[in-house]
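Peer 1: Contents of start.txt (compact mmCIF, C-alpha atoms) are given next:
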```txt
# COMPACT_ATOMS: atom_id res chain seq x y z
CA MET Z 1 41.39 9.63 59.26
CA GLY Z 2 44.59 7.62 59.75
CA LYS Z 3 47.77 8.03 57.76
CA ASN Z 4 47.44 4.70 55.95
CA GLU Z 5 43.69 4.92 55.31
CA GLU Z 6 42.63 5.39 51.67
CA LYS Z 7 40.13 8.02 50.64
CA PRO Z 8 36.83 6.59 49.35
CA ASP Z 9 36.33 6.64 45.59
CA THR Z 10 34.33 9.61 44.37
CA ILE Z 11 32.43 9.89 41.09
CA ASP Z 12 33.45 12.80 38.92
CA ARG Z 13 29.92 13.76 37.91
CA ALA Z 14 31.07 16.96 36.27
CA GLY Z 15 33.54 15.04 34.14
CA ILE Z 16 30.89 12.54 33.09
CA GLY Z 17 28.56 15.40 32.21
CA ARG Z 18 31.25 17.05 30.08
CA ALA Z 19 32.01 13.78 28.34
CA PHE Z 20 28.33 13.18 27.61
CA ALA Z 21 27.93 16.73 26.31
CA SER Z 22 30.99 16.27 24.10
CA VAL Z 23 29.64 13.04 22.61
CA ASN Z 24 26.22 14.62 22.09
CA GLU Z 25 27.82 17.64 20.39
CA ARG Z 26 29.79 15.40 18.04
CA ILE Z 27 26.65 13.47 17.10
CA GLU Z 28 24.79 16.72 16.42
CA LEU Z 29 27.65 18.09 14.33
CA TRP Z 30 27.80 14.88 12.29
CA LEU Z 31 24.04 14.87 11.74
CA ALA Z 32 24.03 18.56 10.83
CA GLN Z 33 26.85 17.98 8.34
CA TYR Z 34 24.81 15.40 6.45
CA ARG Z 35 21.41 16.99 7.01
CA HIS Z 36 20.74 17.70 3.33
CA GLY Z 37 21.45 14.08 2.50
CA ILE Z 38 19.25 12.90 5.36
CA ASN Z 39 16.41 15.13 4.12
CA ALA Z 40 16.87 13.72 0.61
CA VAL Z 41 16.48 10.22 2.07
CA PHE Z 42 13.19 11.32 3.66
CA TYR Z 43 11.79 12.64 0.37
CA LEU Z 44 12.81 9.43 -1.37
CA SER Z 45 11.31 7.20 1.35
CA PHE Z 46 8.12 9.30 1.38
CA ALA Z 47 7.83 8.97 -2.40
CA LEU Z 48 8.39 5.20 -2.30
CA TYR Z 49 5.98 4.66 0.57
CA SER Z 50 3.37 6.80 -1.20
CA CYS Z 51 3.76 4.66 -4.33
CA LEU Z 52 3.28 1.44 -2.36
CA ALA Z 53 0.35 2.87 -0.39
CA PHE Z 54 -1.33 3.96 -3.61
CA TYR Z 55 -0.67 0.51 -5.11
CA LYS Z 56 -2.56 -1.05 -2.18
CA THR Z 57 -5.70 0.89 -3.17
CA THR Z 58 -5.68 -0.39 -6.77
CA MET Z 59 -6.71 -3.62 -8.46
CA PHE Z 60 -3.04 -4.38 -9.16
CA VAL Z 61 -2.90 -6.19 -5.81
CA TYR Z 62 -5.14 -8.92 -7.26
CA ILE Z 63 -3.00 -9.72 -10.31
CA VAL Z 64 0.33 -10.19 -8.50
CA SER Z 65 1.28 -13.15 -6.35
CA ASP Z 66 0.88 -13.30 -2.59
CA ARG Z 67 4.66 -13.42 -2.35
CA VAL Z 68 4.98 -10.05 -4.08
CA ASN Z 69 2.27 -8.51 -1.89
CA LYS Z 70 4.07 -9.79 1.17
CA LEU Z 71 7.31 -8.22 -0.06
CA VAL Z 72 5.42 -4.95 -0.51
CA LEU Z 73 4.34 -5.09 3.14
CA TYR Z 74 7.94 -5.75 4.23
CA ALA Z 75 9.13 -2.81 2.13
CA MET Z 76 6.48 -0.56 3.66
CA ALA Z 77 7.52 -1.65 7.16
CA GLY Z 78 11.15 -0.87 6.34
CA LEU Z 79 10.29 2.57 4.96
CA LEU Z 80 8.19 3.25 8.06
CA GLY Z 81 11.21 2.40 10.22
CA LEU Z 82 13.29 4.77 8.10
CA ALA Z 83 10.71 7.50 8.70
CA CYS Z 84 11.09 6.93 12.45
CA MET Z 85 14.84 7.40 12.08
CA GLU Z 86 14.24 10.64 10.16
CA PHE Z 87 12.13 11.90 13.06
CA ALA Z 88 14.85 10.88 15.54
CA VAL Z 89 17.41 12.96 13.63
CA GLU Z 90 15.18 16.04 13.65
CA TRP Z 91 14.38 15.51 17.32
CA ILE Z 92 18.08 15.35 18.24
CA LEU Z 93 18.95 18.47 16.25
CA SER Z 94 15.99 20.54 17.46
CA ARG Z 95 16.52 23.17 20.15
CA ASP Z 96 12.79 23.79 20.53
CA ARG Z 97 11.76 22.30 23.88
CA ASP Z 98 8.08 22.69 23.10
CA TYR Z 99 8.51 20.68 19.90
CA ARG Z 100 10.60 18.03 21.62
CA TRP Z 101 8.21 17.21 24.44
CA LYS Z 102 5.12 17.30 22.23
CA THR Z 103 6.61 15.00 19.60
CA ALA Z 104 8.09 12.70 22.25
CA VAL Z 105 4.62 12.24 23.78
CA LEU Z 106 3.11 11.61 20.33
CA PHE Z 107 5.81 9.06 19.49
CA LEU Z 108 5.14 7.29 22.81
CA MET Z 109 1.43 7.15 21.93
CA ILE Z 110 2.35 5.62 18.55
CA LEU Z 111 4.41 2.92 20.25
CA LEU Z 112 1.59 2.14 22.67
CA GLN Z 113 -0.87 1.97 19.77
CA ILE Z 114 1.40 -0.56 18.03
CA VAL Z 115 1.54 -2.68 21.21
CA PHE Z 116 -2.10 -2.49 22.32
CA GLY Z 117 -4.00 -1.45 19.18
CA HIS Z 118 -5.79 -3.60 16.62
CA MET Z 119 -5.33 -1.48 13.49
CA LEU Z 120 -1.60 -0.95 13.04
CA SER Z 121 -1.97 0.80 9.67
CA SER Z 122 -3.51 3.74 11.54
CA VAL Z 123 -0.13 4.84 12.94
CA VAL Z 124 1.34 5.56 9.51
CA ILE Z 125 -0.16 9.05 9.17
CA PHE Z 126 1.26 9.95 12.59
CA VAL Z 127 4.73 8.54 11.89
CA PHE Z 128 5.06 10.52 8.67
CA ALA Z 129 3.71 13.62 10.43
CA LEU Z 130 6.68 13.34 12.79
CA ALA Z 131 9.12 12.41 10.01
CA ALA Z 132 8.09 15.52 8.05
CA SER Z 133 9.46 17.73 10.84
CA GLY Z 134 11.55 20.52 9.35
CA LYS Z 135 11.02 19.29 5.79
CA SER Z 136 9.87 21.46 2.90
CA LEU Z 137 6.09 21.58 2.53
CA LYS Z 138 6.45 22.44 -1.14
CA LYS Z 139 8.53 19.32 -1.85
CA ILE Z 140 6.12 17.13 0.12
CA LEU Z 141 3.18 18.44 -1.89
CA TRP Z 142 4.98 18.08 -5.23
CA ILE Z 143 5.81 14.47 -4.41
CA TYR Z 144 2.26 13.72 -3.32
CA ILE Z 145 0.79 15.28 -6.46
CA ALA Z 146 3.28 13.51 -8.75
CA VAL Z 147 2.72 10.08 -7.19
CA GLY Z 148 -1.07 10.50 -7.05
CA THR Z 149 -1.41 11.79 -10.60
CA LEU Z 150 0.86 9.14 -12.14
CA GLY Z 151 -0.85 6.46 -10.06
CA MET Z 152 -4.30 7.50 -11.26
CA ILE Z 153 -3.16 7.57 -14.89
CA LEU Z 154 -1.53 4.16 -14.61
CA ALA Z 155 -4.54 2.58 -12.86
CA TYR Z 156 -6.92 4.13 -15.41
CA GLN Z 157 -4.93 2.93 -18.41
CA ALA Z 158 -4.42 -0.55 -16.97
CA SER Z 159 -8.13 -0.92 -16.23
CA VAL Z 160 -9.44 0.29 -19.59
CA HIS Z 161 -6.95 -1.97 -21.42
CA GLY Z 162 -7.93 -5.04 -19.40
CA ILE Z 163 -4.65 -5.46 -17.50
CA ILE Z 164 -6.50 -5.13 -14.22
CA GLU Z 165 -10.19 -5.51 -13.55
CA TYR Z 166 -12.43 -2.58 -14.48
CA LEU Z 167 -14.93 -2.36 -11.63
CA THR Z 168 -18.29 -0.65 -11.82
CA PHE Z 169 -20.97 -0.34 -9.16
CA GLU Z 170 -24.72 0.29 -9.01
CA ASN Z 171 -25.56 -1.16 -12.41
CA GLY Z 172 -22.53 0.27 -14.13
CA THR Z 173 -23.24 3.89 -13.21
CA LYS Z 174 -20.25 4.32 -10.90
CA HIS Z 175 -16.77 3.59 -12.24
CA ALA Z 176 -13.64 2.88 -10.20
CA PHE Z 177 -11.05 3.15 -13.05
CA GLY Z 178 -8.62 0.64 -11.58
CA ILE Z 179 -9.14 1.63 -7.95
CA GLN Z 180 -10.80 -0.88 -5.64
CA TYR Z 181 -13.97 1.17 -5.12
CA SER Z 182 -15.58 4.11 -6.86
CA THR Z 183 -15.65 6.38 -3.80
CA ASP Z 184 -11.96 5.60 -3.21
CA CYS Z 185 -11.26 6.75 -6.76
CA ALA Z 186 -13.12 10.00 -6.07
CA ALA Z 187 -11.22 10.40 -2.80
CA HIS Z 188 -7.89 10.18 -4.63
CA ILE Z 189 -9.04 12.99 -6.94
CA PHE Z 190 -10.36 15.08 -4.05
CA TYR Z 191 -7.12 14.84 -2.04
CA LEU Z 192 -5.08 15.68 -5.14
CA MET Z 193 -7.26 18.76 -5.57
CA MET Z 194 -6.61 19.72 -1.95
CA ALA Z 195 -2.86 19.21 -2.40
CA TYR Z 196 -2.93 21.51 -5.42
CA CYS Z 197 -4.90 24.16 -3.49
CA ILE Z 198 -2.41 24.11 -0.61
CA LEU Z 199 0.51 24.22 -3.06
CA LYS Z 200 -0.94 27.27 -4.81
CA SER Z 201 -1.15 29.03 -1.45
CA CYS Z 202 2.57 28.26 -0.92
CA TYR Z 203 3.41 30.11 -4.13
CA SER Z 204 0.58 32.67 -3.77
CA TRP Z 205 -0.73 31.71 -7.22
CA ARG Z 206 -3.93 33.50 -8.21
CA LEU Z 207 -4.76 31.85 -11.51
CA ALA Z 208 -8.54 31.67 -11.61
CA ALA Z 209 -8.75 30.28 -15.16
CA LEU Z 210 -6.21 27.51 -14.51
CA ASP Z 211 -7.75 26.68 -11.13
CA LEU Z 212 -11.22 26.46 -12.63
CA LEU Z 213 -9.89 24.18 -15.38
CA LEU Z 214 -8.03 21.80 -13.05
CA LEU Z 215 -10.50 21.69 -10.18
CA GLY Z 216 -13.49 21.75 -12.52
CA THR Z 217 -12.15 18.82 -14.51
CA GLY Z 218 -11.79 16.69 -11.38
CA THR Z 219 -15.24 17.66 -10.18
CA LEU Z 220 -16.92 16.98 -13.53
CA PHE Z 221 -15.11 13.65 -13.84
CA ASN Z 222 -16.49 12.63 -10.44
CA TYR Z 223 -20.00 13.85 -11.33
CA ARG Z 224 -20.09 12.17 -14.75
CA TYR Z 225 -18.35 8.83 -14.15
CA ILE Z 226 -17.93 8.17 -10.41
CA GLY Z 227 -20.94 9.69 -8.67
CA ALA Z 228 -19.44 10.04 -5.19
CA ARG Z 229 -21.85 12.65 -3.86
CA SER Z 230 -20.14 13.53 -0.59
CA ASN Z 231 -16.85 14.07 -2.41
CA LEU Z 232 -18.71 16.06 -5.07
CA VAL Z 233 -20.00 18.48 -2.43
CA CYS Z 234 -16.49 18.90 -0.99
CA MET Z 235 -15.01 19.44 -4.46
CA LEU Z 236 -17.55 22.18 -5.16
CA LEU Z 237 -16.66 23.82 -1.84
CA LEU Z 238 -12.98 23.72 -2.83
CA ILE Z 239 -13.75 25.45 -6.13
CA ILE Z 240 -15.74 28.18 -4.38
CA LEU Z 241 -12.99 28.79 -1.79
CA THR Z 242 -10.31 28.83 -4.47
CA LEU Z 243 -12.15 31.38 -6.61
CA LEU Z 244 -12.68 33.56 -3.52
CA TYR Z 245 -8.95 33.31 -2.86
CA ASP Z 246 -8.06 34.07 -6.47
CA PHE Z 247 -10.18 37.23 -6.48
CA GLY Z 248 -8.76 38.42 -3.15
CA ILE Z 249 -11.94 38.05 -1.11
CA LEU Z 250 -10.20 35.71 1.34
CA GLY Z 251 -7.25 38.11 1.57
CA SER Z 252 -3.59 37.67 0.75
CA GLY Z 253 -2.67 35.97 3.99
CA GLN Z 254 -0.60 38.97 5.07
CA GLU Z 255 -3.17 41.34 6.62
CA VAL Z 256 -2.86 42.55 10.19
CA LEU Z 257 -4.92 40.41 12.55
CA PRO Z 258 -7.67 42.05 14.60
CA GLY Z 259 -6.06 44.15 17.30
CA ALA Z 260 -2.49 43.33 16.21
CA GLY Z 261 -0.22 46.33 16.69
CA HIS Z 262 -2.99 48.47 18.16
CA GLU Z 263 -3.76 48.71 21.84
CA THR Z 264 -7.14 50.37 21.54
CA GLY Z 265 -8.64 48.83 18.43
CA THR Z 266 -8.15 47.92 14.79
CA TYR Z 267 -8.21 50.23 11.80
CA ASP Z 268 -10.38 49.89 8.75
CA LYS Z 269 -9.23 50.68 5.22
CA GLU Z 270 -10.17 54.31 5.62
CA GLY Z 271 -8.05 54.64 8.73
CA GLY Z 272 -10.95 54.74 11.16
CA LYS Z 273 -10.15 53.57 14.66
CA GLY Z 274 -12.09 51.01 16.64
CA LYS Z 275 -13.83 49.37 13.68
CA ILE Z 276 -13.49 45.71 12.81
CA THR Z 277 -12.67 45.40 9.14
CA PHE Z 278 -14.28 42.93 6.76
CA SER Z 279 -11.00 40.99 6.43
CA ALA Z 280 -10.62 40.83 10.22
CA LEU Z 281 -14.17 39.52 10.56
CA ILE Z 282 -13.52 36.86 7.88
CA LYS Z 283 -10.35 35.81 9.71
CA ARG Z 284 -12.12 35.41 13.02
CA LEU Z 285 -15.03 33.53 11.49
CA SER Z 286 -12.70 31.25 9.48
CA TYR Z 287 -10.62 30.51 12.56
CA LEU Z 288 -13.75 29.59 14.50
CA ILE Z 289 -14.87 27.27 11.68
CA GLY Z 290 -11.41 25.69 11.48
CA ILE Z 291 -11.17 25.14 15.23
CA LEU Z 292 -14.67 23.66 15.58
CA ALA Z 293 -14.81 21.62 12.35
CA CYS Z 294 -13.17 18.35 13.43
CA PRO Z 295 -14.24 18.17 17.11
CA GLY Z 296 -17.73 19.46 16.27
CA LEU Z 297 -18.28 16.91 13.50
CA LEU Z 298 -16.83 14.16 15.70
CA LEU Z 299 -19.35 14.97 18.42
CA LEU Z 300 -22.19 15.26 15.90
CA CYS Z 301 -21.41 11.88 14.27
CA GLN Z 302 -21.05 10.16 17.64
CA LEU Z 303 -24.42 11.47 18.84
CA ALA Z 304 -26.16 10.73 15.52
CA ALA Z 305 -24.90 7.13 15.54
CA PHE Z 306 -25.65 6.55 19.21
CA PHE Z 307 -29.25 7.86 19.09
CA TYR Z 308 -30.05 6.48 15.62
CA ARG Z 309 -33.32 4.60 15.25
CA GLU Z 310 -34.56 3.07 12.01
CA GLU Z 311 -37.96 4.73 12.26
CA MET Z 312 -36.22 8.13 12.32
CA THR Z 313 -35.06 7.65 8.70
CA ALA Z 314 -38.12 5.84 7.35
CA SER Z 315 -39.20 8.88 5.33
CA TRP Z 316 -35.78 9.55 3.84
CA GLY Z 317 -35.65 9.38 0.06
CA SER Z 318 -33.27 7.39 -2.15
CA ALA Z 319 -30.82 10.31 -2.25
CA LEU Z 320 -30.10 9.74 1.45
CA ARG Z 321 -29.95 5.93 1.17
CA THR Z 322 -26.18 5.83 1.69
CA MET Z 323 -26.31 8.06 4.75
CA LYS Z 324 -29.07 5.92 6.23
CA ALA Z 325 -27.08 2.71 5.68
CA ARG Z 326 -23.95 4.18 7.27
CA LEU Z 327 -25.85 5.50 10.25
CA SER Z 328 -27.33 2.04 10.75
CA MET Z 329 -23.91 0.34 10.69
CA ASN Z 330 -22.38 2.99 12.95
CA HIS Z 331 -25.18 2.42 15.45
CA GLU Z 332 -24.75 -1.34 15.23
CA ALA Z 333 -21.03 -1.02 15.98
CA MET Z 334 -21.78 1.12 19.04
CA GLN Z 335 -24.28 -1.48 20.25
CA ASN Z 336 -21.90 -4.43 19.86
CA TYR Z 337 -18.55 -2.94 20.90
CA PRO Z 338 -17.32 -0.61 23.64
CA VAL Z 339 -17.58 3.02 22.56
CA PHE Z 340 -14.85 4.44 24.80
CA THR Z 341 -11.66 2.43 24.34
CA LEU Z 342 -8.12 3.74 24.53
CA TRP Z 343 -6.72 1.61 21.70
CA GLY Z 344 -9.79 0.62 19.67
CA ASN Z 345 -11.74 -2.58 19.05
CA ALA Z 346 -10.98 -5.60 16.88
CA ILE Z 347 -13.95 -5.31 14.51
CA ARG Z 348 -14.27 -7.68 11.59
CA GLU Z 349 -15.21 -5.73 8.48
CA ARG Z 350 -16.01 -6.55 4.90
CA GLY Z 351 -16.19 -3.72 2.41
CA ALA Z 352 -17.64 -3.62 -1.09
CA GLY Z 353 -14.47 -2.76 -2.99
CA GLY Z 354 -12.06 -5.02 -4.87
CA VAL Z 355 -12.58 -8.77 -4.86
CA VAL Z 356 -14.84 -9.50 -1.89
CA ASP Z 357 -15.74 -12.64 0.02
CA GLU Z 358 -19.50 -12.80 -0.37
CA SER Z 359 -19.77 -15.37 2.42
CA ILE Z 360 -19.05 -12.56 4.92
CA PRO Z 361 -21.91 -10.06 5.33
CA TYR Z 362 -21.16 -6.47 4.36
CA PHE Z 363 -20.17 -4.39 7.35
CA TYR Z 364 -17.90 -1.36 7.14
CA LEU Z 365 -17.51 1.82 9.18
CA ASP Z 366 -17.13 4.52 6.56
CA SER Z 367 -17.32 7.67 8.68
CA SER Z 368 -13.87 8.76 9.87
CA TYR Z 369 -15.44 10.12 13.05
CA ILE Z 370 -16.81 6.69 13.94
CA ARG Z 371 -13.92 4.68 12.52
CA PHE Z 372 -11.25 6.57 14.44
CA PRO Z 373 -12.67 6.03 17.96
CA MET Z 374 -14.12 2.54 17.36
CA LEU Z 375 -11.22 0.91 15.51
CA ILE Z 376 -8.22 3.03 16.42
CA GLY Z 377 -9.21 4.25 19.87
CA TRP Z 378 -9.60 7.56 21.63
CA VAL Z 379 -5.90 8.11 22.31
CA MET Z 380 -5.02 8.43 18.63
CA THR Z 381 -8.36 10.15 17.90
CA LEU Z 382 -7.48 12.93 20.32
CA SER Z 383 -3.94 13.01 18.90
CA PHE Z 384 -5.42 13.50 15.44
CA LEU Z 385 -7.68 16.31 16.66
CA LEU Z 386 -4.82 18.10 18.42
CA LEU Z 387 -2.61 17.93 15.33
CA MET Z 388 -5.40 19.28 13.12
CA LEU Z 389 -6.08 22.09 15.59
CA GLY Z 390 -2.36 22.88 15.75
CA ILE Z 391 -2.20 23.23 11.97
CA VAL Z 392 -5.23 25.54 11.97
CA LYS Z 393 -3.63 27.65 14.71
CA ARG Z 394 -0.37 27.97 12.75
CA ALA Z 395 -2.28 28.93 9.61
CA TYR Z 396 -4.23 31.58 11.55
CA LYS Z 397 -1.01 33.13 12.86
CA LYS Z 398 0.18 33.39 9.26
CA GLY Z 399 -3.16 34.89 8.23
CA ASN Z 400 -3.76 32.01 5.80
CA ILE Z 401 -7.53 31.70 6.07
CA TYR Z 402 -7.62 29.89 2.72
CA LEU Z 403 -5.69 26.98 4.26
CA ILE Z 404 -7.91 27.01 7.34
CA LEU Z 405 -11.03 26.64 5.21
CA ILE Z 406 -9.41 23.89 3.11
CA PHE Z 407 -8.93 21.95 6.34
CA ALA Z 408 -12.57 22.60 7.23
CA VAL Z 409 -13.62 21.07 3.88
CA ALA Z 410 -11.38 18.06 4.60
CA ALA Z 411 -13.11 17.72 7.97
CA VAL Z 412 -16.52 17.72 6.26
CA SER Z 413 -15.37 14.93 3.92
CA GLY Z 414 -14.69 12.73 6.94
CA VAL Z 415 -18.38 12.62 7.89
CA MET Z 416 -19.17 10.14 5.10
CA GLU Z 417 -15.71 8.88 4.13
CA HIS Z 418 -13.06 6.92 6.04
CA HIS Z 419 -10.07 8.42 4.25
CA LEU Z 420 -9.03 10.82 7.01
CA CYS Z 421 -7.63 7.75 8.78
CA GLU Z 422 -5.50 6.50 5.88
CA PHE Z 423 -2.09 7.55 4.63
CA SER Z 424 -2.98 6.35 1.13
CA TYR Z 425 -5.11 9.49 0.86
CA ASN Z 426 -4.59 11.84 3.80
CA PHE Z 427 -1.32 13.82 3.74
CA LEU Z 428 -2.70 16.69 5.85
CA LEU Z 429 -1.09 15.76 9.18
CA MET Z 430 2.33 16.21 7.59
CA LEU Z 431 1.69 19.96 7.75
CA ALA Z 432 1.85 19.83 11.55
CA PHE Z 433 5.63 19.97 11.91
CA CYS Z 434 6.97 20.70 8.42
CA SER Z 435 9.04 23.78 7.71
CA SER Z 436 6.99 26.98 7.67
CA SER Z 437 9.62 29.37 6.37
CA GLY Z 438 8.23 31.11 3.29
CA ARG Z 439 5.52 28.53 2.88
CA ALA Z 440 1.82 28.07 3.57
CA LEU Z 441 2.22 27.77 7.33
```
As a first step, turn the structure in this file into structure tokens.
Peer 2:
Amino acid sequence: MGKNEEKPDTIDRAGIGRAFASVNERIELWLAQYRHGINAVFYLSFALYSCLAFYKTTMFVYIVSDRVNKLVLYAMAGLLGLACMEFAVEWILSRDRDYRWKTAVLFLMILLQIVFGHMLSSVVIFVFALAASGKSLKKILWIYIAVGTLGMILAYQASVHGIIEYLTFENGTKHAFGIQYSTDCAAHIFYLMMAYCILKSCYSWRLAALDLLLLGTGTLFNYRYIGARSNLVCMLLLIILTLLYDFGILGSGQEVLPGAGHETGTYDKEGGKGKITFSALIKRLSYLIGILACPGLLLLCQLAAFFYREEMTASWGSALRTMKARLSMNHEAMQNYPVFTLWGNAIRERGAGGVVDESIPYFYLDSSYIRFPMLIGWVMTLSFLLLMLGIVKRAYKKGNIYLILIFAVAAVSGVMEHHLCEFSYNFLLMLAFCSSSGRAL
């Protein structure tokens, strides 16, 4: 190289890397400094969104102007954006690579669902599952219970005093109490009961008398005034599980798992080696039920709808009339729309709740295991299954078989009801990434 020749410019990659790391560190320090405030914003936004989502299930939507309802939708969109920002903060601060790549993939799937999907409301349960990352499960449950209970009281009082329409169905035998449909009213009660059951496991409450009073009241109310039979079955299952938990039959959630800490076998209560204890057997069986519940019921509902023929249900009595009608509509949807779609189908539906347009024939996919794949698509259906399985796995590691079986009951409810797909009811996915320290997971 000559004396007067200049050296070519070189890029100081190490310097750029240090500068980037410095900026990233400052951002993390700033976010960590205000983390408590950021978490408080999440709880507030979750509470507000829950209020608006509950409002959308009531008859209040029919007494306010279209302008107000449009403002409600804008507010919900803004709160959803805020929830995305909450997730971004947690993602930046997290040092868990496994968490970061899993949630990044899920967030990408949410964005693709928004772009290509036909049912945008379906992404809400996934967005708040991400936003709940690192947040207190106890606080989430308290907020859900407070909003749901106050909402039910307000809707009930407004309907019985004539402020909003008091709907009844099937010749006045099924009451909605201010909610748009009677089964939706029962679903609100059922999910509140589940929230209470999970909350009691957080605090390790074993109050059989109180549990029987609270859960029994909800169940009797459904039986006497609402008559939602599928929810009634699930409520009874919740009561049975809760009483088993209260009396210690489901364990305390702290027992040693089968084989844990022993290379050659487990020990029974008498100290005998190589024997599988009753509690270990219950754990294994509960885990199997929890793992198989959602995918097993999904497969069962898909096969039942696909192979349904009217002559197969000709001998069914009036008690199975609802199941027969839903099987028929599920089969019709599979005949008229693609079954395997990534992002779902644009299916025109008309339910029976609220103020309905009678000029449109009734057609509604009630089963969550048909609704998810047909309307939302298989990408988010599989995402839902993986999140549910992840929660069950975390609960098993904690030895919380009570929580596992609660999730199994929730899975059973999805066979006849569509509420697993809706944030207005289903809070369960928020347990996927919430804080587990000293709590149910």
Peer 1: Restricting the calculation to all atoms listed in the file: of Z:Gly162, Z:Gly218, Z:Gly377, Z:Gly151, which residue gets closest to Z:Met109?
Peer 2: Z:Gly377
Peer 1: Which residue out of Z:Arg348, Z:Lys283, Z:Arg97, Z:Lys397 has the minimum interatomic distance to Z:Asn336 when all atoms listed in the file are used?
Peer 2: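 Smallest distance to Z:Asn336 is found for Z:Arg348.
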Peer 1: Compare Z:Ala75, Z:Leu80, Z:Ser136, Z:Ile347 by their minimum atom-to-atom distance to Z:Gly117, counting only C-alpha atoms, and give me the closest one.
Peer 2: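 Of the candidates, the smallest distance to Z:Gly117 is held by Z:Ile347.
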Peer 1: Using all atoms listed in the file, find all polymer residues with an atom at most 7 Å away from the point (-2.5, 6.6, 11.1); report them as a PDB file with C-alpha atoms, in the coordinates of the input.
Peer 2:
```
ATOM      1  CA  SER Z 121      -1.970   0.800   9.670  1.00  0.00           C
ATOM      2  CA  SER Z 122      -3.510   3.740  11.540  1.00  0.00           C
ATOM      3  CA  VAL Z 123      -0.130   4.840  12.940  1.00  0.00           C
ATOM      4  CA  VAL Z 124       1.340   5.560   9.510  1.00  0.00           C
ATOM      5  CA  ILE Z 125      -0.160   9.050   9.170  1.00  0.00           C
ATOM      6  CA  PHE Z 126       1.260   9.950  12.590  1.00  0.00           C
ATOM      7  CA  CYS Z 421      -7.630   7.750   8.780  1.00  0.00           C
ATOM      8  CA  GLU Z 422      -5.500   6.500   5.880  1.00  0.00           C
ATOM      9  CA  PHE Z 423      -2.090   7.550   4.630  1.00  0.00           C
TER      10      PHE Z 423
END
```
Peer 1: Do you know which residues are at most 10 Å from stretch 48-58 of chain Z counting all atoms listed in the file, after dropping those on the same chain fewer than 2 positions away, and could you put them as a PyMOL selection string?
Peer 2: chain Z and resi 42-46+60-62+69+72-73+75-80+83+143-144+146-148+150-152+154-156+159+164-165+176-181+184-185+188+353-354+422-425+427
Peer 1: Using only C-alpha atoms for the distances, tell me which of Z:Leu220, Z:Thr183, Z:Leu387, Z:Leu431 is nearest to Z:Met416.
Peer 2: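 The shortest atom-to-atom distance to Z:Met416 comes from Z:Thr183.
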Peer 1: Using only C-alpha atoms, can you tell me which of Z:Ile163, Z:Leu300, Z:Ile226, Z:Met312 comes closest to Z:Ala186?
Peer 2: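 Selected residue with least distance to Z:Ala186: Z:Ile226.
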Peer 1: Counting only C-alpha atoms, I want the residues whose atoms come within 9 Å of (-10.6, 16.1, 17.0) in the file frame, returned as a ChimeraX atom specification.
Peer 2: /Z:292-299,369,381-389
Peer 1: Please measure the separation of atom CA of Z:Tyr34 and atom CA of Z:Leu199, giving the value in Å to one decimal.
Peer 2: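 Taking atom CA of Z:Tyr34 as the start and atom CA of Z:Leu199 as the end point, the length is 27.5 Å.
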Peer 1: Figure out the distance between atom CA of Z:Ser328 and atom CA of Z:Ala305, please, to one decimal in Å.
Peer 2: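 The value is 7.4 Å.
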Peer 1: Which one of Z:Ile38, Z:Val412, Z:Ala432, Z:Leu420 sits closest to Z:Ser368 if you count all atoms listed in the file?
Peer 2: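 Checking each of Z:Ile38, Z:Val412, Z:Ala432, Z:Leu420 against Z:Ser368, counting all atoms listed in the file, the winner is Z:Leu420.
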Peer 1: Work out how far atom CA of Z:Arg371 is from atom CA of Z:Leu111, in Å to one decimal.
Peer 2: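 Going from atom CA of Z:Leu111 over to atom CA of Z:Arg371 covers 20.0 Å.
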Peer 1: For the structure just given, write the atoms of stretch 192-216 of chain Z, namely C-alpha atoms, as a PDB file, in the first residue's frame.
Peer 2:
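Contents of the output file result28.pdb:
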```
ATOM      1  CA  LEU Z 192     -67.297 -17.898  38.661  1.00  0.00           C
ATOM      2  CA  MET Z 193     -67.525 -21.182  40.552  1.00  0.00           C
ATOM      3  CA  MET Z 194     -64.366 -22.405  38.821  1.00  0.00           C
ATOM      4  CA  ALA Z 195     -62.562 -19.155  39.636  1.00  0.00           C
ATOM      5  CA  TYR Z 196     -63.501 -19.575  43.296  1.00  0.00           C
ATOM      6  CA  CYS Z 197     -62.282 -23.199  43.289  1.00  0.00           C
ATOM      7  CA  ILE Z 198     -58.915 -22.222  41.808  1.00  0.00           C
ATOM      8  CA  LEU Z 199     -58.626 -19.313  44.253  1.00  0.00           C
ATOM      9  CA  LYS Z 200     -59.254 -21.609  47.217  1.00  0.00           C
ATOM     10  CA  SER Z 201     -56.443 -23.855  46.016  1.00  0.00           C
ATOM     11  CA  CYS Z 202     -54.146 -20.787  45.957  1.00  0.00           C
ATOM     12  CA  TYR Z 203     -54.842 -20.204  49.650  1.00  0.00           C
ATOM     13  CA  SER Z 204     -55.201 -23.930  50.497  1.00  0.00           C
ATOM     14  CA  TRP Z 205     -58.653 -23.251  51.957  1.00  0.00           C
ATOM     15  CA  ARG Z 206     -60.467 -26.375  53.144  1.00  0.00           C
ATOM     16  CA  LEU Z 207     -63.833 -24.995  54.145  1.00  0.00           C
ATOM     17  CA  ALA Z 208     -66.327 -27.697  53.241  1.00  0.00           C
ATOM     18  CA  ALA Z 209     -69.361 -25.923  54.732  1.00  0.00           C
ATOM     19  CA  LEU Z 210     -68.624 -22.619  52.976  1.00  0.00           C
ATOM     20  CA  ASP Z 211     -67.796 -24.368  49.709  1.00  0.00           C
ATOM     21  CA  LEU Z 212     -71.012 -26.374  49.821  1.00  0.00           C
ATOM     22  CA  LEU Z 213     -72.975 -23.176  50.503  1.00  0.00           C
ATOM     23  CA  LEU Z 214     -71.411 -21.139  47.679  1.00  0.00           C
ATOM     24  CA  LEU Z 215     -71.159 -23.842  45.036  1.00  0.00           C
ATOM     25  CA  GLY Z 216     -74.478 -25.383  46.041  1.00  0.00           C
TER      26      GLY Z 216
END
```
